[in-house]
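J.: Below you will find the structure I want to go over with you.
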Amino acid sequence: MEHIIGQIGVLIETHQSYALLVAGIVAFGESLAIVGLFIPATALMMVIGGLMGSGLVEPLPILAGSIIGAILGDAVSYMLGRRVGRGLVYKWPLAQYRPSVARARLFFRRYGFASVFFGRFLGPVRSTIPLVAGMMAMKHRQFQLANVTSAFAWAGLMLSPGWLAGHAASSLGSFGSVEWLAVMGTLTVAFLVVTSVILHKVAKPAPRRRRAALPQRSES
């Protein structure tokens, strides 16, 4: 996996005309239902951000491609859920990931619009929330508002750690491959830990209120 991530970074660095397309494909795949579970988007976006920060690639095409890809990926997942409906969860391949879908449905029921916006940042549900929003018949305009606005925020957040590391590296001197991988690995782990903690907090079931015991009628 590290080799693939490195090759993508080299591709963007040596063929900058493909920067928008590659960033768009990464963001699009990361946002697709189920497919996003197998794409190391966090690591890839940090590496791409590092290339931006070190001045090796132009930032505007990367940002544009990331935003467009993220919007299209969520839109496709939403339309799939909208057209097929709730029965999709019992079909292959989604049937194999029913716990993830159930977690996303709980998250969506509790937070609605906010779940679509913030779900993009939360690894365990990011690729299923748009699908669930479609299955639950969320209004199209409301979904697209959350989709588009969160895509802008997501692209900036995902690219900024790598950009900061790349900028620092270019300012302090070139990093060796070992030091660079250590920085990227640390940032990736930190990001995943933070998103997991946030998801655990917001998706935790609310405590049930106990109903007051009804007074028993005395028999005469």
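Residue numbering restarts at 1 in every chain; chains get A, B, ... in the order shown in the structure tokens, and ligands count up from 1 in that same order.
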Just want the 10 Å neighbourhood of His140 of chain A, counted on only C-alpha atoms, with same-chain residues fewer than 6 positions away dropped. Output as a ChimeraX atom specification.
T.: /A:75,78-79,82,133-134
J.: Could you check which of A:Ala137, A:Met46, A:Ile68, A:Leu106 is closest to Leu159 of chain A, using only C-alpha atoms?
T.: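 That would be A:Met46, the residue with the smallest distance to Leu159 of chain A.
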J.: So which residues touch segment 141-151 of chain A within 12 Å, counting only C-alpha atoms, skipping near sequence neighbours fewer than 5 positions away, as a PyMOL selection string?
T.: chain A and resi 24+27-28+30-31+63-79+82+108+112-122+126+129-134+136+156-158
J.: For Gly166 of chain A, which residue among A:Leu32, A:Ala41, A:Ala153, A:Val57 is the nearest when counting only C-alpha atoms?
T.: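 So, comparing all the options, the nearest one is A:Val57.
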J.: Once DSSP has gone over the backbone, tell me which residues of segment 1-135 of chain A are in alpha helix (DSSP H), as number ranges by chain.
T.: A: 2-14, 19-31, 41-53, 59-84, 98-111, 113-119, 129-135
